[in-house]
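> Sharing a structure with you now.
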Amino acid sequence: MDLEAVRTYVAVAETGQFQKAATDLAITQQAVSKRIAGLERDLGVRLFTRTPRGAEPTVDGQAFLPHARELLRAADRAAASVRPGSRPLRVDVINSRGAASRLMRAFHRAHPGVELDIVMLLDIEGAVAALRSGAVDASFRAVAAPGLPLPEDLTATRVVDEPLDLLTGPGHALAAARSVRLADLAGHRIWMPGILPGSEWGAYYEALAAEFGLTIESTGPNFGSDALLDTIADTPALATFMGEDTRLVWPTTHGLRRVPITDPVPVYPHSLLQHRDNPHPALPALHAHLAAAAGSGTSGGPGVWTPAWARTR
């Protein structure tokens, strides 16, 4: 059904005149007549009766009028749902406890007028597909990991480098250290269950272990962060890496210690991905906010380690 013909029909029904409807719609009276005639052919009924004053809906026209109005309202709602700026900015932060989530909370505080939808997509393939389909507007990822090339229709901007800490239980040999050199972690068991083979964080820790001779174990089922913290607290032989911005809560009886890592500081390179043709008007504000936030954080340079494949700013 031709929506413009339906819109024209409603205009004639409400004004009672073909000429007045033509003026309101900024078209000719001839165009109004053609649209009404076409709609009557499609419906197989006569919609108007000519009168000395103009036009009155027939019985069929009166029956069709409320449905025509609802049809136009539905069409307007459908168009508004995808109009730039009329829907929330949808951003993938991978998980709710890391650096990306912190950055988006800060953005929300700085721009309370921007509606946000926060989603959490586990793997980069799913995030890339969502960006390309328009299901999300932006995604925080580490790029470009080996074997995970970035499609040409996506852009990536390095937005924050997140330092890693060593997390130990109270009985660990390094628990009392004020800091630890990265090379001195060789020989210690770093346990990180749940590293997905082929993921960008899997590639990151593989590169870190290879360059500094570390033992990073991902064996065993991943029962979540609570189980990880319980095990680290009770097992003096194990430690784990934790991003500086990761916020977890554990019982005080665990006695867990965060130990800064130095010489060099290993940082996780977060980039913001988006589609080149995404028109959402809130994206420039998000980029500006992230650029300002990055100015006060750790960045690449002497004393900092990132994988050789990590995209620069």
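Ordered as shown in the structure tokens, chains take letters A, B, and onward, while each chain numbers its residues from 1 and ligands are numbered from 1 in the order shown.
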Please identify which residues in region 47-125 of chain A DSSP calls helix (DSSP H, G or I) from the backbone, and express them as an NGL selection string.
:A and (59-82 or 99-110 or 124-125)
> Determine, counting only C-alpha atoms, which protein, DNA and RNA residues have an atom within 6 Å of an atom of region 16-27 of chain A; residues of the same chain fewer than 5 positions away are not included. Present the result as a list in words.
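What passes the distance filter is Ala11, Gly54 and Ala55 of chain A.
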> My list of candidates is A:Leu3, A:Ser133, A:Ala227, A:His270. Which is closest to Ala74 (chain A) when distances are computed with only C-alpha atoms?
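Closest to Ala74 (chain A) of all the choices is A:Leu3.
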> In terms of the shortest atom-to-atom distance over only C-alpha atoms, which of A:Ala138, A:Pro146, A:Gly187, A:Pro170 is closest to Pro284 (chain A)?
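Once distances to Pro284 (chain A) are computed over only C-alpha atoms, the minimum belongs to A:Ala138.
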> Give me the region 98-188 of chain A side of the contact with region 193-217 of chain A, cut-off 10 Å, one line per residue showing its nearest atom pair and distance in Å at one decimal, counting only C-alpha atoms, sorted by chain and residue number, as a tab-separated table.

residue	atom	partner	partner_atom	distance
A:Leu122	CA	A:Ser199	CA	9.0
A:Asp123	CA	A:Ser199	CA	6.5
A:Ile124	CA	A:Ser199	CA	6.9
A:Glu125	CA	A:Ser199	CA	8.9
A:Arg141	CA	A:Glu200	CA	7.6
A:Ala142	CA	A:Glu200	CA	6.0
A:Val143	CA	A:Glu200	CA	7.2
A:Ala144	CA	A:Glu200	CA	8.1
A:Ala145	CA	A:Glu200	CA	5.7
A:Pro146	CA	A:Ala203	CA	7.1
A:Gly147	CA	A:Gly198	CA	8.0
A:Leu148	CA	A:Glu200	CA	7.9
A:Leu182	CA	A:Phe212	CA	7.4
A:Ala183	CA	A:Phe212	CA	5.8
A:Asp184	CA	A:Phe212	CA	9.0
A:Leu185	CA	A:Leu214	CA	6.5
A:Ala186	CA	A:Leu214	CA	4.7
A:Gly187	CA	A:Leu214	CA	6.8
A:His188	CA	A:Thr215	CA	6.7
> Just write the chosen residues, all heavy atoms, as a compact mmCIF listing (two decimals), in the first residue's frame.

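Dumped everything to result.txt:
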# COMPACT_ATOMS: atom_id res chain seq x y z
N LEU A 122 31.00 -11.32 24.00
CA LEU A 122 32.21 -12.00 24.46
C LEU A 122 33.32 -12.02 23.42
O LEU A 122 34.45 -11.64 23.70
CB LEU A 122 31.86 -13.43 24.89
CG LEU A 122 33.01 -14.22 25.52
CD1 LEU A 122 33.51 -13.52 26.78
CD2 LEU A 122 32.54 -15.64 25.85
N ASP A 123 33.01 -12.47 22.19
CA ASP A 123 34.08 -12.66 21.22
C ASP A 123 34.11 -11.55 20.19
O ASP A 123 33.10 -10.90 19.90
CB ASP A 123 33.93 -14.02 20.52
CG ASP A 123 32.64 -14.08 19.71
OD1 ASP A 123 31.59 -14.36 20.31
OD2 ASP A 123 32.70 -13.86 18.49
N ILE A 124 35.30 -11.31 19.63
CA ILE A 124 35.48 -10.20 18.70
C ILE A 124 34.74 -10.44 17.40
O ILE A 124 34.27 -9.49 16.75
CB ILE A 124 36.98 -9.94 18.45
CG1 ILE A 124 37.17 -8.61 17.70
CG2 ILE A 124 37.63 -11.09 17.71
CD1 ILE A 124 38.60 -8.14 17.64
N GLU A 125 34.60 -11.71 16.98
CA GLU A 125 33.84 -11.98 15.74
C GLU A 125 32.40 -11.52 15.88
O GLU A 125 31.84 -10.91 14.97
CB GLU A 125 33.90 -13.47 15.39
CG GLU A 125 35.25 -13.96 14.91
CD GLU A 125 36.17 -14.35 16.05
OE1 GLU A 125 35.77 -14.15 17.23
OE2 GLU A 125 37.28 -14.85 15.78
N ARG A 141 37.82 -3.11 22.03
CA ARG A 141 38.56 -4.34 21.71
C ARG A 141 40.04 -4.04 21.66
O ARG A 141 40.46 -2.88 21.56
CB ARG A 141 38.10 -4.89 20.36
CG ARG A 141 36.65 -5.31 20.31
CD ARG A 141 36.41 -6.61 21.03
NE ARG A 141 35.02 -6.76 21.46
CZ ARG A 141 34.54 -7.84 22.02
NH1 ARG A 141 35.31 -8.88 22.24
NH2 ARG A 141 33.28 -7.89 22.41
N ALA A 142 40.86 -5.12 21.68
CA ALA A 142 42.30 -5.01 21.44
C ALA A 142 42.53 -5.41 19.99
O ALA A 142 42.16 -6.50 19.58
CB ALA A 142 43.09 -5.92 22.37
N VAL A 143 43.10 -4.53 19.20
CA VAL A 143 43.35 -4.81 17.77
C VAL A 143 44.78 -4.37 17.45
O VAL A 143 45.34 -3.50 18.09
CB VAL A 143 42.35 -4.07 16.86
CG1 VAL A 143 40.94 -4.62 17.03
CG2 VAL A 143 42.35 -2.57 17.13
N ALA A 144 45.41 -4.96 16.44
CA ALA A 144 44.87 -6.04 15.60
C ALA A 144 45.62 -7.31 15.95
O ALA A 144 46.75 -7.51 15.55
CB ALA A 144 45.08 -5.70 14.13
N ALA A 145 44.96 -8.18 16.71
CA ALA A 145 45.57 -9.44 17.13
C ALA A 145 45.85 -10.32 15.93
O ALA A 145 45.13 -10.27 14.93
CB ALA A 145 44.64 -10.15 18.11
N PRO A 146 46.89 -11.14 15.99
CA PRO A 146 47.21 -12.03 14.87
C PRO A 146 46.01 -12.90 14.49
O PRO A 146 45.36 -13.48 15.36
CB PRO A 146 48.37 -12.88 15.41
CG PRO A 146 48.99 -12.04 16.47
CD PRO A 146 47.86 -11.28 17.10
N GLY A 147 45.73 -12.96 13.19
CA GLY A 147 44.62 -13.76 12.71
C GLY A 147 43.27 -13.11 12.86
O GLY A 147 42.25 -13.70 12.53
N LEU A 148 43.23 -11.86 13.37
CA LEU A 148 41.97 -11.15 13.55
C LEU A 148 42.06 -9.80 12.84
O LEU A 148 42.03 -8.74 13.48
CB LEU A 148 41.67 -10.95 15.04
CG LEU A 148 41.47 -12.21 15.87
CD1 LEU A 148 41.35 -11.86 17.35
CD2 LEU A 148 40.24 -12.97 15.42
N LEU A 182 58.56 -7.30 35.79
CA LEU A 182 57.89 -8.27 34.93
C LEU A 182 58.75 -9.51 34.71
O LEU A 182 58.26 -10.64 34.78
CB LEU A 182 57.53 -7.61 33.59
CG LEU A 182 56.68 -8.42 32.62
CD1 LEU A 182 55.41 -8.92 33.28
CD2 LEU A 182 56.34 -7.57 31.40
N ALA A 183 60.05 -9.30 34.49
CA ALA A 183 60.94 -10.44 34.24
C ALA A 183 61.04 -11.35 35.45
O ALA A 183 61.30 -12.55 35.32
CB ALA A 183 62.31 -9.94 33.83
N ASP A 184 60.84 -10.81 36.66
CA ASP A 184 60.96 -11.61 37.87
C ASP A 184 59.77 -12.53 38.10
O ASP A 184 59.77 -13.34 39.03
CB ASP A 184 61.12 -10.68 39.09
CG ASP A 184 62.47 -9.97 39.09
OD1 ASP A 184 63.38 -10.46 38.39
OD2 ASP A 184 62.59 -8.93 39.75
N LEU A 185 58.74 -12.41 37.26
CA LEU A 185 57.59 -13.31 37.37
C LEU A 185 57.85 -14.66 36.70
O LEU A 185 57.06 -15.59 36.87
CB LEU A 185 56.35 -12.66 36.75
CG LEU A 185 55.80 -11.44 37.49
CD1 LEU A 185 54.59 -10.88 36.75
CD2 LEU A 185 55.42 -11.80 38.92
N ALA A 186 58.94 -14.75 35.94
CA ALA A 186 59.30 -16.04 35.34
C ALA A 186 59.52 -17.06 36.44
O ALA A 186 60.21 -16.80 37.43
CB ALA A 186 60.54 -15.88 34.48
N GLY A 187 58.93 -18.22 36.28
CA GLY A 187 59.04 -19.26 37.31
C GLY A 187 57.85 -19.29 38.25
O GLY A 187 57.65 -20.28 38.97
N HIS A 188 57.07 -18.21 38.29
CA HIS A 188 55.84 -18.20 39.10
C HIS A 188 54.66 -18.63 38.23
O HIS A 188 54.60 -18.32 37.05
CB HIS A 188 55.58 -16.79 39.66
CG HIS A 188 56.58 -16.37 40.70
ND1 HIS A 188 56.48 -16.74 42.03
CD2 HIS A 188 57.70 -15.62 40.60
CE1 HIS A 188 57.48 -16.22 42.71
NE2 HIS A 188 58.25 -15.53 41.87
> Could you tell me, as an NGL selection string, which residues of region 52-121 of chain A DSSP assigns to strand (DSSP E) when given the backbone?
:A and (54-57 or 89-92 or 116-119)
> With only C-alpha atoms as the basis for distance, which of A:Pro151, A:Pro236, A:Pro251, A:Pro221 is at the shortest distance from Ile190 (chain A)?
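Going through A:Pro151, A:Pro236, A:Pro251, A:Pro221 one by one, the smallest distance to Ile190 (chain A) is for A:Pro236.
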> Give me, as a tab-separated table (two decimals) with C-alpha atoms, in the first residue's frame, all polymer residues having an atom no more than 8 Å from Gly243 (chain A), counting only C-alpha atoms and skipping those fewer than 2 positions away in the same chain.

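Saved file out.tsv follows:
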chain	number	residue	atom	x	y	z
A	98	GLY	CA	36.78	-3.60	33.41
A	99	ALA	CA	38.25	-0.44	31.94
A	162	GLU	CA	45.25	-0.42	31.11
A	163	PRO	CA	48.16	-1.48	33.37
A	164	LEU	CA	48.10	-5.00	34.78
A	165	ASP	CA	48.60	-5.78	38.46
A	241	PHE	CA	46.83	-10.88	36.46
A	245	ASP	CA	40.57	-0.81	36.36
A	246	THR	CA	38.98	-4.17	37.17
A	268	TYR	CA	46.32	-3.92	27.80
> Given the choices A:Ala175, A:Asn95, A:Leu229, A:Thr306, which gets closest to Thr252 (chain A) if the distance is worked out from only C-alpha atoms?
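Result for the nearest residue to Thr252 (chain A): A:Leu229.
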> Measuring between only C-alpha atoms, which one of A:Phe223, A:Met242, A:Val159, A:Leu167 shows the shortest distance to His287 (chain A)?
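Using only C-alpha atoms, His287 (chain A) sits closest to A:Val159.
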> Residues at most 12 Å from His108 (chain A), counting only C-alpha atoms, excluding those fewer than 5 positions away in the same chain, as a list in words?
Pro88, Leu89, Val91, Ser101, Arg102, Leu103, Gly113, Val114, Glu115, Leu116, Asp117, Ile118, Ala282, Ala285, Leu286, His289 and Leu290 of chain A
> Can you spit out the residues from that selection as an mmCIF file, in the first residue's frame, using C-alpha atoms?

data_model
loop_
_atom_site.group_PDB
_atom_site.id
_atom_site.type_symbol
_atom_site.label_atom_id
_atom_site.label_comp_id
_atom_site.auth_asym_id
_atom_site.auth_seq_id
_atom_site.Cartn_x
_atom_site.Cartn_y
_atom_site.Cartn_z
ATOM 1 C CA PRO A 88 20.311 5.282 22.350
ATOM 2 C CA LEU A 89 24.009 4.904 21.604
ATOM 3 C CA VAL A 91 28.241 0.327 23.089
ATOM 4 C CA SER A 101 32.801 -0.109 31.646
ATOM 5 C CA ARG A 102 34.558 2.510 33.800
ATOM 6 C CA LEU A 103 35.086 4.737 30.775
ATOM 7 C CA GLY A 113 21.675 13.786 28.006
ATOM 8 C CA VAL A 114 23.034 10.981 25.808
ATOM 9 C CA GLU A 115 20.920 7.849 26.067
ATOM 10 C CA LEU A 116 23.055 4.710 26.342
ATOM 11 C CA ASP A 117 22.501 1.007 25.813
ATOM 12 C CA ILE A 118 25.423 -1.004 27.223
ATOM 13 C CA ALA A 282 26.837 10.910 19.983
ATOM 14 C CA ALA A 285 31.301 13.248 21.835
ATOM 15 C CA LEU A 286 32.341 9.766 22.954
ATOM 16 C CA HIS A 289 35.686 12.196 25.984
ATOM 17 C CA LEU A 290 37.932 9.154 25.547
#
> Pick out the residues sitting within 8 Å of Arg158 (chain A), and hand them over as a PyMOL selection string; count only C-alpha atoms, and ignore anything fewer than 3 positions along from it in its own chain.
chain A and resi 269-272+311-313
> Given the selection you just returned, output its residues as a file containing C-alpha atoms, formatted as an mmCIF file, in the first residue's frame.

data_model
loop_
_atom_site.group_PDB
_atom_site.id
_atom_site.type_symbol
_atom_site.label_atom_id
_atom_site.label_comp_id
_atom_site.auth_asym_id
_atom_site.auth_seq_id
_atom_site.Cartn_x
_atom_site.Cartn_y
_atom_site.Cartn_z
ATOM 1 C CA PRO A 269 45.608 -1.812 24.673
ATOM 2 C CA HIS A 270 41.915 -0.949 24.455
ATOM 3 C CA SER A 271 40.674 0.448 21.141
ATOM 4 C CA LEU A 272 37.229 1.716 20.196
ATOM 5 C CA ARG A 311 47.430 -0.807 16.873
ATOM 6 C CA THR A 312 48.916 2.558 17.815
ATOM 7 C CA ARG A 313 46.845 5.653 18.507
#
> Find the spatial neighbours of Gly169 (chain A), counting only C-alpha atoms, within a cut-off of 9 Å - ignore same-chain residues fewer than 2 positions away - and output them as a list in words.
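Within the cut-off, the hits are Leu167, Gly171, His172, Ala175, Leu229, Thr231, Ile232, Ala233, Asp234, Thr235, Pro236, Ala237, Leu238, Ala239, His254, Gly255, Leu256 and Arg257 of chain A.
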> For Asp42 (chain A), list every protein, DNA or RNA residue within 12 Å, evaluated using only C-alpha atoms, and leave out those in the same chain fewer than 4 positions away; present the list as JSON, numbers by chain.
{"A": [1, 2, 5, 6, 35, 36, 37, 38, 46, 47]}
> With all heavy atoms retained, could you export that selection as an mmCIF file, in the first residue's frame?

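Everything below was put into part_0.cif:
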data_model
loop_
_atom_site.group_PDB
_atom_site.id
_atom_site.type_symbol
_atom_site.label_atom_id
_atom_site.label_comp_id
_atom_site.auth_asym_id
_atom_site.auth_seq_id
_atom_site.Cartn_x
_atom_site.Cartn_y
_atom_site.Cartn_z
ATOM 1 N N MET A 1 0.844 -1.192 0.000
ATOM 2 C CA MET A 1 0.000 0.000 0.000
ATOM 3 C C MET A 1 0.881 1.245 0.000
ATOM 4 O O MET A 1 1.846 1.329 0.760
ATOM 5 C CB MET A 1 -0.926 -0.006 1.224
ATOM 6 C CG MET A 1 -1.981 1.091 1.228
ATOM 7 S SD MET A 1 -3.087 0.929 2.652
ATOM 8 C CE MET A 1 -3.871 -0.641 2.282
ATOM 9 N N ASP A 2 0.541 2.201 -0.837
ATOM 10 C CA ASP A 2 1.324 3.431 -0.976
ATOM 11 C C ASP A 2 1.042 4.339 0.220
ATOM 12 O O ASP A 2 -0.071 4.869 0.372
ATOM 13 C CB ASP A 2 0.936 4.113 -2.287
ATOM 14 C CG ASP A 2 1.763 5.356 -2.564
ATOM 15 O OD1 ASP A 2 2.489 5.812 -1.659
ATOM 16 O OD2 ASP A 2 1.665 5.888 -3.686
ATOM 17 N N ALA A 5 -0.128 7.829 -0.605
ATOM 18 C CA ALA A 5 -1.542 7.866 -0.971
ATOM 19 C C ALA A 5 -2.422 7.828 0.273
ATOM 20 O O ALA A 5 -3.437 8.539 0.356
ATOM 21 C CB ALA A 5 -1.870 6.692 -1.894
ATOM 22 N N VAL A 6 -2.031 7.003 1.265
ATOM 23 C CA VAL A 6 -2.775 6.950 2.525
ATOM 24 C C VAL A 6 -2.709 8.299 3.235
ATOM 25 O O VAL A 6 -3.713 8.798 3.765
ATOM 26 C CB VAL A 6 -2.225 5.829 3.427
ATOM 27 C CG1 VAL A 6 -2.907 5.857 4.800
ATOM 28 C CG2 VAL A 6 -2.419 4.471 2.775
ATOM 29 N N ARG A 35 -3.534 10.213 -6.541
ATOM 30 C CA ARG A 35 -3.222 9.353 -5.400
ATOM 31 C C ARG A 35 -4.500 8.707 -4.843
ATOM 32 O O ARG A 35 -4.510 7.507 -4.504
ATOM 33 C CB ARG A 35 -2.517 10.149 -4.303
ATOM 34 C CG ARG A 35 -1.090 10.549 -4.648
ATOM 35 C CD ARG A 35 -0.454 11.328 -3.498
ATOM 36 N NE ARG A 35 0.915 11.749 -3.808
ATOM 37 C CZ ARG A 35 1.689 12.430 -2.976
ATOM 38 N NH1 ARG A 35 1.220 12.766 -1.769
ATOM 39 N NH2 ARG A 35 2.910 12.768 -3.324
ATOM 40 N N ILE A 36 -5.557 9.496 -4.729
ATOM 41 C CA ILE A 36 -6.803 8.950 -4.197
ATOM 42 C C ILE A 36 -7.352 7.879 -5.137
ATOM 43 O O ILE A 36 -7.810 6.805 -4.714
ATOM 44 C CB ILE A 36 -7.837 10.065 -3.969
ATOM 45 C CG1 ILE A 36 -7.323 11.050 -2.907
ATOM 46 C CG2 ILE A 36 -9.185 9.470 -3.559
ATOM 47 C CD1 ILE A 36 -7.072 10.437 -1.547
ATOM 48 N N ALA A 37 -7.296 8.152 -6.441
ATOM 49 C CA ALA A 37 -7.790 7.178 -7.421
ATOM 50 C C ALA A 37 -6.992 5.879 -7.349
ATOM 51 O O ALA A 37 -7.553 4.771 -7.412
ATOM 52 C CB ALA A 37 -7.724 7.776 -8.829
ATOM 53 N N GLY A 38 -5.678 5.984 -7.212
ATOM 54 C CA GLY A 38 -4.846 4.791 -7.097
ATOM 55 C C GLY A 38 -5.153 4.005 -5.837
ATOM 56 O O GLY A 38 -5.185 2.763 -5.847
ATOM 57 N N ARG A 46 -14.836 2.836 -3.167
ATOM 58 C CA ARG A 46 -14.833 4.282 -3.350
ATOM 59 C C ARG A 46 -14.700 4.932 -1.985
ATOM 60 O O ARG A 46 -15.424 4.572 -1.039
ATOM 61 C CB ARG A 46 -16.131 4.720 -4.032
ATOM 62 C CG ARG A 46 -16.126 6.171 -4.473
ATOM 63 C CD ARG A 46 -17.414 6.495 -5.195
ATOM 64 N NE ARG A 46 -17.466 7.881 -5.610
ATOM 65 C CZ ARG A 46 -18.528 8.469 -6.135
ATOM 66 N NH1 ARG A 46 -19.647 7.744 -6.302
ATOM 67 N NH2 ARG A 46 -18.497 9.737 -6.489
ATOM 68 N N LEU A 47 -13.767 5.874 -1.854
ATOM 69 C CA LEU A 47 -13.476 6.468 -0.550
ATOM 70 C C LEU A 47 -14.163 7.804 -0.318
ATOM 71 O O LEU A 47 -14.403 8.179 0.841
ATOM 72 C CB LEU A 47 -11.956 6.648 -0.398
ATOM 73 C CG LEU A 47 -11.139 5.348 -0.359
ATOM 74 C CD1 LEU A 47 -9.652 5.659 -0.391
ATOM 75 C CD2 LEU A 47 -11.488 4.530 0.880
#
